[in-house]
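Structure file input-v5.txt; described as compact mmCIF, C-alpha atoms.
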# COMPACT_ATOMS: atom_id res chain seq x y z
CA MET A 1 20.37 80.71 -30.65
CA THR A 2 23.67 82.45 -30.02
CA SER A 3 26.95 80.79 -29.10
CA LYS A 4 30.61 81.75 -28.99
CA LEU A 5 33.60 80.61 -31.08
CA THR A 6 36.51 79.58 -28.90
CA TYR A 7 39.87 79.90 -30.69
CA ILE A 8 42.05 76.83 -30.18
CA GLY A 9 45.43 76.71 -31.87
CA ILE A 10 48.53 74.59 -31.80
CA ILE A 11 51.71 76.60 -32.27
CA GLY A 12 54.95 74.93 -33.26
CA LEU A 13 57.67 76.23 -31.01
CA ALA A 14 60.79 77.44 -32.74
CA ALA A 15 63.71 79.65 -31.83
CA PHE A 16 64.06 82.45 -34.36
CA SER A 17 67.60 83.73 -35.05
CA SER A 18 66.72 85.38 -38.34
CA VAL A 19 63.59 86.72 -39.99
CA ALA A 20 61.10 84.05 -40.98
CA ALA A 21 59.74 84.06 -44.50
CA ALA A 22 56.17 84.41 -43.18
CA PRO A 23 54.36 84.83 -39.85
CA ALA A 24 54.21 81.67 -37.72
CA PHE A 25 50.55 81.25 -38.60
CA ALA A 26 47.86 83.37 -40.26
CA ALA A 27 45.81 85.77 -38.17
CA GLY A 28 42.55 84.14 -39.32
CA THR A 29 39.04 85.59 -39.37
CA THR A 30 38.84 89.18 -38.16
CA ALA A 31 37.85 89.61 -34.51
CA GLY A 32 34.25 90.77 -34.03
CA THR A 33 33.04 89.10 -37.21
CA THR A 34 29.56 87.58 -36.81
CA ILE A 35 29.33 84.16 -38.42
CA THR A 36 25.82 82.95 -39.27
CA ASN A 37 24.55 79.73 -40.78
CA THR A 38 21.06 78.26 -41.19
CA ALA A 39 20.00 74.62 -41.20
CA THR A 40 16.80 73.59 -43.03
CA VAL A 41 14.57 70.50 -42.63
CA ASP A 42 12.17 69.30 -45.35
CA PHE A 43 9.62 66.55 -44.57
CA GLN A 44 6.36 64.96 -45.63
CA VAL A 45 3.23 63.83 -43.84
CA GLY A 46 1.15 61.18 -45.57
CA GLY A 47 3.20 61.70 -48.67
CA VAL A 48 2.42 65.39 -48.72
CA SER A 49 5.29 67.89 -48.40
CA GLN A 50 5.01 70.14 -45.41
CA VAL A 51 6.34 73.61 -44.64
CA GLN A 52 10.12 73.64 -44.43
CA GLN A 53 11.55 74.20 -40.95
CA SER A 54 14.81 76.04 -40.26
CA ALA A 55 17.05 77.18 -37.46
CA SER A 56 19.92 79.68 -37.47
CA ASN A 57 23.01 80.07 -35.33
CA ASN A 58 25.16 83.18 -34.85
CA PHE A 59 28.45 83.63 -33.03
CA VAL A 60 31.02 86.38 -32.75
CA VAL A 61 34.69 85.64 -33.51
CA ASP A 62 36.83 86.40 -30.49
CA ARG A 63 40.06 88.38 -30.57
CA LYS A 64 43.39 86.55 -30.66
CA ILE A 65 46.35 88.71 -29.58
CA ASN A 66 49.67 87.49 -30.93
CA LEU A 67 52.86 89.14 -32.17
CA LEU A 68 56.46 88.35 -32.97
CA VAL A 69 59.60 90.46 -32.54
CA GLU A 70 62.67 89.09 -34.34
CA GLU A 71 66.25 90.21 -34.74
CA VAL A 72 67.08 90.59 -38.43
CA GLY A 73 70.26 88.59 -39.05
CA THR A 74 72.23 86.11 -36.99
CA VAL A 75 75.42 87.97 -36.04
CA THR A 76 76.44 90.76 -33.71
CA THR A 77 76.58 94.38 -34.88
CA ASN A 78 80.23 95.46 -35.08
CA VAL A 79 80.96 99.00 -33.88
CA VAL A 80 83.96 101.18 -33.08
CA PRO A 81 84.55 103.28 -29.95
CA GLY A 82 82.89 106.69 -30.24
CA GLN A 83 80.60 105.63 -33.10
CA ALA A 84 77.34 107.55 -33.39
CA ASN A 85 74.11 105.98 -34.67
CA ALA A 86 75.04 102.30 -34.37
CA VAL A 87 72.12 100.29 -35.75
CA THR A 88 70.58 96.97 -34.74
CA THR A 89 67.66 95.74 -36.85
CA PHE A 90 64.43 94.00 -35.84
CA GLN A 91 61.11 92.97 -37.38
CA LEU A 92 57.67 93.18 -35.76
CA THR A 93 54.78 91.04 -37.06
CA ASN A 94 51.14 91.46 -36.05
CA SER A 95 49.84 87.88 -35.99
CA SER A 96 46.62 88.91 -34.26
CA ASN A 97 43.23 88.87 -35.98
CA GLU A 98 42.67 92.58 -35.46
CA VAL A 99 44.41 95.84 -36.33
CA LEU A 100 46.37 96.93 -33.25
CA ASP A 101 48.82 99.46 -31.89
CA PHE A 102 52.10 98.24 -30.37
CA ALA A 103 54.04 100.00 -27.61
CA LEU A 104 57.83 99.75 -28.08
CA THR A 105 60.56 99.63 -25.44
CA ALA A 106 64.30 99.37 -26.14
CA THR A 107 66.42 98.35 -23.15
CA GLN A 108 69.94 97.15 -22.44
CA ILE A 109 70.92 94.04 -20.55
CA VAL A 110 73.14 94.41 -17.48
CA GLY A 111 75.89 91.83 -17.43
CA GLY A 112 75.38 88.22 -18.40
CA THR A 113 75.52 86.59 -21.81
CA ALA A 114 74.43 88.69 -24.78
CA ALA A 115 72.49 87.45 -27.81
CA HIS A 116 75.53 86.26 -29.75
CA GLY A 117 77.53 84.72 -26.95
CA GLY A 118 79.65 87.58 -25.64
CA THR A 119 79.49 88.90 -22.09
CA ASP A 120 77.77 92.25 -21.68
CA THR A 121 80.32 94.75 -20.35
CA PHE A 122 79.08 98.24 -21.28
CA ASN A 123 75.97 100.27 -22.06
CA ALA A 124 75.42 102.33 -25.17
CA SER A 125 73.89 105.80 -24.89
CA ASN A 126 71.09 107.72 -26.60
CA VAL A 127 69.14 104.52 -27.34
CA ARG A 128 66.04 105.07 -29.50
CA VAL A 129 63.74 103.23 -31.93
CA TYR A 130 62.97 104.07 -35.56
CA ARG A 131 60.41 102.64 -37.98
CA ASP A 132 61.58 101.98 -41.51
CA ASN A 133 59.98 104.44 -43.91
CA THR A 134 59.34 102.34 -47.00
CA ALA A 135 58.34 105.41 -49.03
CA THR A 136 61.73 107.15 -48.77
CA GLY A 137 65.39 106.20 -48.51
CA THR A 138 66.65 102.64 -48.63
CA VAL A 139 64.04 100.10 -47.61
CA GLY A 140 65.34 97.82 -44.86
CA SER A 141 68.25 100.08 -43.88
CA TRP A 142 68.26 102.91 -41.35
CA ASP A 143 68.49 106.36 -42.92
CA ALA A 144 67.43 109.97 -42.36
CA GLY A 145 63.96 109.32 -43.77
CA ASP A 146 63.01 106.83 -41.05
CA THR A 147 60.63 107.81 -38.27
CA LEU A 148 61.51 108.06 -34.58
CA VAL A 149 58.77 106.16 -32.72
CA THR A 150 57.66 105.02 -29.28
CA TYR A 151 54.76 102.94 -30.61
CA ILE A 152 53.45 101.49 -33.87
CA ASP A 153 50.11 102.88 -34.96
CA GLU A 154 47.35 100.72 -36.50
CA LEU A 155 49.41 97.75 -37.67
CA VAL A 156 47.36 95.59 -40.02
CA THR A 157 46.97 91.87 -39.38
CA ASP A 158 49.56 89.51 -40.87
CA THR A 159 51.83 92.49 -41.54
CA ALA A 160 55.55 92.72 -40.74
CA ILE A 161 57.47 95.99 -40.40
CA ARG A 162 61.18 96.76 -39.96
CA LEU A 163 62.36 98.53 -36.80
CA PHE A 164 65.80 99.90 -35.88
CA VAL A 165 67.27 100.28 -32.42
CA VAL A 166 69.88 103.02 -32.80
CA ALA A 167 72.44 104.02 -30.15
CA ASP A 168 75.74 105.82 -29.64
CA ILE A 169 78.86 103.92 -28.56
CA PRO A 170 81.10 105.37 -25.79
CA THR A 171 84.76 106.14 -26.42
CA GLY A 172 87.64 104.32 -24.79
CA LEU A 173 86.23 100.80 -25.06
CA ALA A 174 88.42 97.71 -25.31
CA ASN A 175 88.41 95.41 -28.30
CA ASN A 176 85.53 92.85 -28.20
CA ALA A 177 83.58 94.74 -25.51
CA VAL A 178 79.87 93.85 -25.81
CA ALA A 179 76.61 95.68 -25.13
CA GLY A 180 73.36 93.70 -25.30
CA VAL A 181 70.14 95.41 -26.41
CA SER A 182 66.54 94.20 -26.40
CA LEU A 183 63.41 95.38 -28.22
CA ARG A 184 59.99 94.58 -26.70
CA ALA A 185 56.62 95.24 -28.32
CA THR A 186 53.34 95.13 -26.38
CA ALA A 187 49.94 95.01 -28.06
CA ARG A 188 47.64 97.97 -27.41
CA GLU A 189 44.11 98.74 -28.52
CA GLY A 190 43.82 99.89 -32.13
CA GLY A 191 41.09 101.74 -33.94
CA LEU A 192 42.10 105.39 -33.46
CA ALA A 193 44.81 106.54 -35.85
CA GLY A 194 47.45 108.89 -34.48
CA THR A 195 46.95 107.92 -30.84
CA GLN A 196 48.46 105.02 -28.91
CA GLY A 197 45.65 102.78 -27.76
CA GLY A 198 45.05 101.68 -24.20
CA ALA A 199 46.23 98.51 -22.53
CA ILE A 200 44.50 95.25 -23.52
CA THR A 201 42.96 92.96 -20.93
CA GLU A 202 42.48 89.25 -21.52
CA THR A 203 38.96 87.90 -21.02
CA THR A 204 38.74 85.54 -18.05
CA GLY A 205 36.00 83.12 -17.10
CA ALA A 206 33.34 81.73 -19.42
CA ASN A 207 32.77 82.85 -22.99
CA THR A 208 30.48 85.81 -23.43
CA ALA A 209 28.22 86.72 -26.30
CA GLY A 210 30.51 89.59 -27.25
CA LYS A 211 34.06 89.76 -28.56
CA ASP A 212 36.33 88.20 -25.97
CA THR A 213 40.12 88.54 -25.94
CA VAL A 214 42.65 85.70 -25.78
CA PHE A 215 46.39 86.23 -25.39
CA ALA A 216 47.89 83.75 -27.86
CA ASP A 217 51.59 84.41 -27.26
CA ILE A 218 53.24 81.41 -25.64
CA ALA A 219 54.98 81.87 -22.29
CA GLY A 220 58.41 80.28 -22.07
CA VAL A 221 59.29 80.68 -25.74
CA ALA A 222 62.48 82.67 -26.33
CA GLY A 223 61.62 86.36 -25.99
CA ASP A 224 58.22 85.60 -24.41
CA ILE A 225 58.49 85.35 -20.64
CA ALA A 226 54.71 85.33 -20.05
CA ARG A 227 51.43 85.06 -21.95
CA ASP A 228 50.95 88.80 -21.76
CA ALA A 229 50.44 90.17 -25.31
CA SER A 230 54.11 91.19 -25.58
CA HIS A 231 57.23 89.77 -27.16
CA SER A 232 60.90 90.70 -27.44
CA ASP A 233 64.16 89.72 -29.07
CA ASP A 234 67.80 90.63 -28.45
CA ASP A 235 70.80 91.78 -30.42
CA ASP A 236 74.15 93.17 -29.36
CA TYR A 237 76.96 95.52 -30.26
CA THR A 238 80.54 94.22 -30.31
CA VAL A 239 83.44 96.66 -30.33
CA GLN A 240 86.00 96.06 -33.05
CA THR A 241 88.92 98.38 -32.55
CA ALA A 242 92.66 98.69 -32.96
CA THR A 243 94.85 98.05 -29.92
CA LEU A 244 98.28 99.57 -30.39
CA ALA A 245 101.47 98.60 -28.55
CA VAL A 246 104.50 100.83 -29.13
CA THR A 247 108.10 99.78 -28.60
CA LYS A 248 111.27 101.77 -29.22
CA THR A 249 114.73 100.29 -29.74
CA SER A 250 118.13 101.61 -30.79
CA ARG A 251 121.35 100.17 -32.18
CA VAL A 252 124.74 101.64 -32.94
CA ILE A 253 125.56 101.62 -36.66
CA SER A 254 129.14 102.97 -36.70
CA ASP A 255 131.67 105.08 -34.84
CA PRO A 256 134.56 107.22 -36.16
CA PHE A 257 137.24 104.69 -35.19
CA ASN A 258 135.70 101.23 -35.57
CA ASN A 259 133.43 102.21 -38.41
CA THR A 260 130.87 99.36 -38.65
CA SER A 261 133.02 96.68 -37.01
CA ASN A 262 131.85 96.35 -33.40
CA PRO A 263 131.10 100.09 -33.16
CA LYS A 264 130.78 101.81 -29.78
CA LEU A 265 128.52 104.61 -28.57
CA ILE A 266 131.15 107.35 -28.49
CA PRO A 267 130.84 110.92 -29.79
CA GLY A 268 130.53 110.79 -33.54
CA ALA A 269 128.80 107.38 -33.46
CA VAL A 270 125.69 106.93 -35.60
CA VAL A 271 122.63 105.54 -33.77
CA GLU A 272 119.56 104.08 -35.47
CA TYR A 273 116.20 104.31 -33.69
CA CYS A 274 113.22 102.11 -34.48
CA ILE A 275 109.69 102.94 -33.26
CA ALA A 276 107.49 99.87 -33.82
CA VAL A 277 103.68 100.07 -33.66
CA ALA A 278 101.95 96.69 -33.27
CA ASN A 279 98.18 96.41 -33.74
CA THR A 280 96.87 93.54 -31.62
CA GLY A 281 93.21 94.53 -32.08
CA SER A 282 90.63 93.34 -34.60
CA ALA A 283 90.25 96.54 -36.64
CA ASP A 284 92.73 98.49 -38.74
CA ALA A 285 94.36 101.58 -37.22
CA THR A 286 94.47 104.41 -39.73
CA SER A 287 96.32 107.73 -39.97
CA VAL A 288 98.85 106.55 -37.38
CA LEU A 289 100.99 109.59 -36.54
CA ILE A 290 104.35 108.88 -34.88
CA ASN A 291 106.32 111.70 -33.26
CA ASP A 292 109.73 111.36 -31.58
CA PRO A 293 111.83 114.28 -30.27
CA VAL A 294 115.56 113.83 -30.86
CA PRO A 295 117.56 114.22 -27.60
CA GLY A 296 119.77 117.31 -27.32
CA GLN A 297 122.88 115.15 -27.17
CA LEU A 298 122.23 113.92 -30.71
CA THR A 299 122.13 115.51 -34.16
CA PHE A 300 119.48 114.23 -36.57
CA ASN A 301 120.84 112.74 -39.79
CA ALA A 302 118.89 114.22 -42.66
CA GLY A 303 117.30 111.85 -45.19
CA THR A 304 117.33 108.82 -42.89
CA ILE A 305 113.64 108.50 -42.04
CA LEU A 306 112.05 105.26 -43.25
CA LEU A 307 108.30 104.61 -42.82
CA ASN A 308 106.06 101.54 -42.89
CA GLY A 309 108.78 98.96 -42.33
CA THR A 310 108.31 95.61 -40.61
CA VAL A 311 109.63 93.68 -37.60
CA THR A 312 110.81 90.07 -37.74
CA GLY A 313 111.44 88.14 -34.53
CA GLY A 314 111.60 91.38 -32.59
CA THR A 315 114.20 92.85 -34.96
CA CYS A 316 113.42 96.03 -36.87
CA ASN A 317 113.88 95.55 -40.61
CA ALA A 318 115.32 98.32 -42.78
CA ASP A 319 112.61 97.79 -45.40
CA GLY A 320 110.54 100.92 -45.01
CA ALA A 321 110.09 103.64 -47.60
CA ALA A 322 111.60 107.10 -47.42
CA GLY A 323 109.24 109.64 -45.91
CA GLY A 324 108.37 111.49 -42.76
CA SER A 325 109.72 114.88 -41.74
CA TYR A 326 112.04 116.59 -39.28
CA ALA A 327 111.23 119.88 -37.56
CA ALA A 328 113.74 120.30 -34.75
CA PRO A 329 113.72 118.55 -32.49
CA ASN A 330 110.91 116.27 -33.71
CA VAL A 331 111.03 113.38 -36.15
CA SER A 332 107.52 112.50 -37.33
CA GLY A 333 105.75 110.39 -39.88
CA THR A 334 102.24 109.13 -40.67
CA ILE A 335 101.52 105.51 -41.57
CA ALA A 336 98.26 105.28 -43.49
CA THR A 337 97.21 101.90 -42.08
CA VAL A 338 98.45 99.47 -39.47
CA ALA A 339 96.26 96.46 -40.16
CA ALA A 340 94.92 94.24 -37.41
CA GLY A 341 97.67 91.80 -36.45
CA ALA A 342 100.39 93.80 -38.22
CA THR A 343 103.42 95.78 -37.00
CA ARG A 344 104.76 98.84 -38.81
CA THR A 345 107.76 101.03 -38.05
CA LEU A 346 109.37 104.44 -38.25
CA VAL A 347 113.20 104.33 -38.43
CA PHE A 348 115.68 107.22 -38.33
CA ARG A 349 119.34 107.86 -37.53
CA ALA A 350 121.19 110.46 -35.45
CA THR A 351 124.82 111.16 -34.49
CA VAL A 352 126.09 111.35 -30.90
CA ASN A 353 127.41 114.86 -30.19

Now that the file is in, can you turn its structure into structure tokens?
Amino acid sequence: MTSKLTYIGIIGLAAFSSVAAAPAFAAGTTAGTTITNTATVDFQVGGVSQVQQSASNNFVVDRKINLLVEEVGTVTTNVVPGQANAVTTFQLTNSSNEVLDFALTATQIVGGTAAHGGTDTFNASNVRVYRDNTATGTVGSWDAGDTLVTYIDELVTDTAIRLFVVADIPTGLANNAVAGVSLRATAREGGLAGTQGGAITETTGANTAGKDTVFADIAGVAGDIARDASHSDDDDYTVQTATLAVTKTSRVISDPFNNTSNPKLIPGAVVEYCIAVANTGSADATSVLINDPVPGQLTFNAGTILLNGTVTGGTCNADGAAGGSYAAPNVSGTIATVAAGATRTLVFRATVN
């Protein structure tokens, strides 16, 4: 007598924000396995033992298709405008009871709320997927040894692999701009190495004597919009950049008649300029080059350039260090770093002709 094993499982629903220590549940007995057992009956007639009777039962284990795609980590991926090869990291687990291929699709959301709460406002470019090569490079981190892929070939049951969605970030983006990305994996037939298998169809109707297929992913769970042998998870890129605001002020230091007591802007007066660079962004600005041409009505005062000073209450402080250069008519200087939230200055003096 032949019957079929119907797989019934209860799956605890949970929202995954980081990689679980193990798959949600074990894949179980391999699909297609024939399970046989035999019952025996011993009896007597008139106290005399008779020939033992027996009966056997065989059934074929059906195929359970289940998978899990998870973002690795719980925070956004910080990027800077113009960055190449920005990496978001995911994990794919084959929780099915058969070796399978998995088609991969990386997409970007259009507007709306991204994975970590920001509003999607831009799209990255050159989006592609890599598989972590555990034999070379740094395991778990994207590097040159990883393999560009469109599908995963022959993934063993109860096995998790690391995947990277890699993209380029456009230039000219504002601080805290967000781009949401999503990675979806869809189970495909396995069994032929080096070739992506065909689409899998769920068995409908009554059990058959052969190996039936059941989609075990749960519709409605985060990342699983339908019971369709596919699953996805989201991550996002958040731009962290410097936002610079430049102000320029001047004050009269002295004149030939009043000296420093209520000086006036007459010929011979000394004027002090202050160029203040404020960084209101969330990332440091580096190699900040300031250039200011001295007007023709003024003569630059040699040795008066001060760099990397501060501003207090809108007033430029004379606390910078000597530096910068003058190549007529330009005063220039480079400040190594203007930290996020900081203001730094270039100060110099000139005489009214």

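Using all atoms listed in the file, the set of residues no farther than 12 Å from the position (77.1, 83.0, -27.1) comprises Thr74, Val75, Thr76, Gly112, Thr113, Ala114, Ala115, His116, Gly117, Gly118, Thr119, Asp120, Val178, Gly180, Asp235 and Asp236 of chain A.
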
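Picture a line from CA of Val60 in chain A to CA of Thr213 in chain A; it runs 11.6 Å.
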
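We find CA of Asp158 in chain A and CA of Ser96 in chain A to be spaced 7.3 Å apart.
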
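Of the residues under consideration (A:Ala124, A:Leu67, A:Val99, A:Leu173), A:Val99 shows the shortest atom-to-atom contact distance to Asp153 in chain A when counting only C-alpha atoms.
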
Distance table requested - range 194-224 of chain A against range 24-40 of chain A, cut-off 12 Å, all atoms listed in the file: one row per qualifying residue with the closest atom pair and its distance in Å to one decimal, ordered by chain and rising residue number, as a Markdown table.
| residue | atom | partner | partner_atom | distance |
| --- | --- | --- | --- | --- |
| A:Ala209 | CA | A:Gly32 | CA | 10.6 |
| A:Gly210 | CA | A:Gly32 | CA | 7.8 |
| A:Lys211 | CA | A:Gly32 | CA | 5.6 |
| A:Asp212 | CA | A:Gly32 | CA | 8.7 |
| A:Thr213 | CA | A:Ala31 | CA | 8.9 |
| A:Val214 | CA | A:Ala31 | CA | 10.7 |
| A:Ala216 | CA | A:Ala27 | CA | 10.7 |
| A:Asp217 | CA | A:Ala24 | CA | 11.1 |

Using all atoms listed in the file, which residues sit within 7 Å of Pro81 in chain A once same-chain residues fewer than 6 positions away are excluded, as a JSON list (two decimals) with C-alpha atoms, keeping the file's coordinate frame?
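Generated file (around25.json):
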[["chain", "number", "residue", "atom", "x", "y", "z"],
["A", 169, "ILE", "CA", 78.86, 103.92, -28.56],
["A", 170, "PRO", "CA", 81.10, 105.37, -25.79],
["A", 171, "THR", "CA", 84.76, 106.14, -26.42],
["A", 172, "GLY", "CA", 87.64, 104.32, -24.79],
["A", 173, "LEU", "CA", 86.23, 100.80, -25.06],
["A", 239, "VAL", "CA", 83.44, 96.66, -30.33]]

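Interatomic distance, CA of Ile65 in chain A to CA of Arg131 in chain A: 21.5 Å.
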
- Task: Could you please give me, as a list in words, the residues of protein, DNA or RNA lying at most 6 Å from (90.2, 97.1, -34.3) in the coordinate frame of the file, considering all atoms listed in the file?
- Result: Gln240, Thr241, Ala242, Gly281, Ser282, Ala283 and Asp284 of chain A

- Item | Spatial neighbours of range 135-140 of chain A, 10 Å, only C-alpha atoms, chain gap at least 3 places, as a PyMOL selection string | chain A and resi 72+89-91+131-132+143-146+161-164

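Considering all atoms listed in the file, the residue among A:Cys274, A:Ala167, A:Ala179, A:Val69 positioned nearest to Val252 in chain A is A:Cys274.
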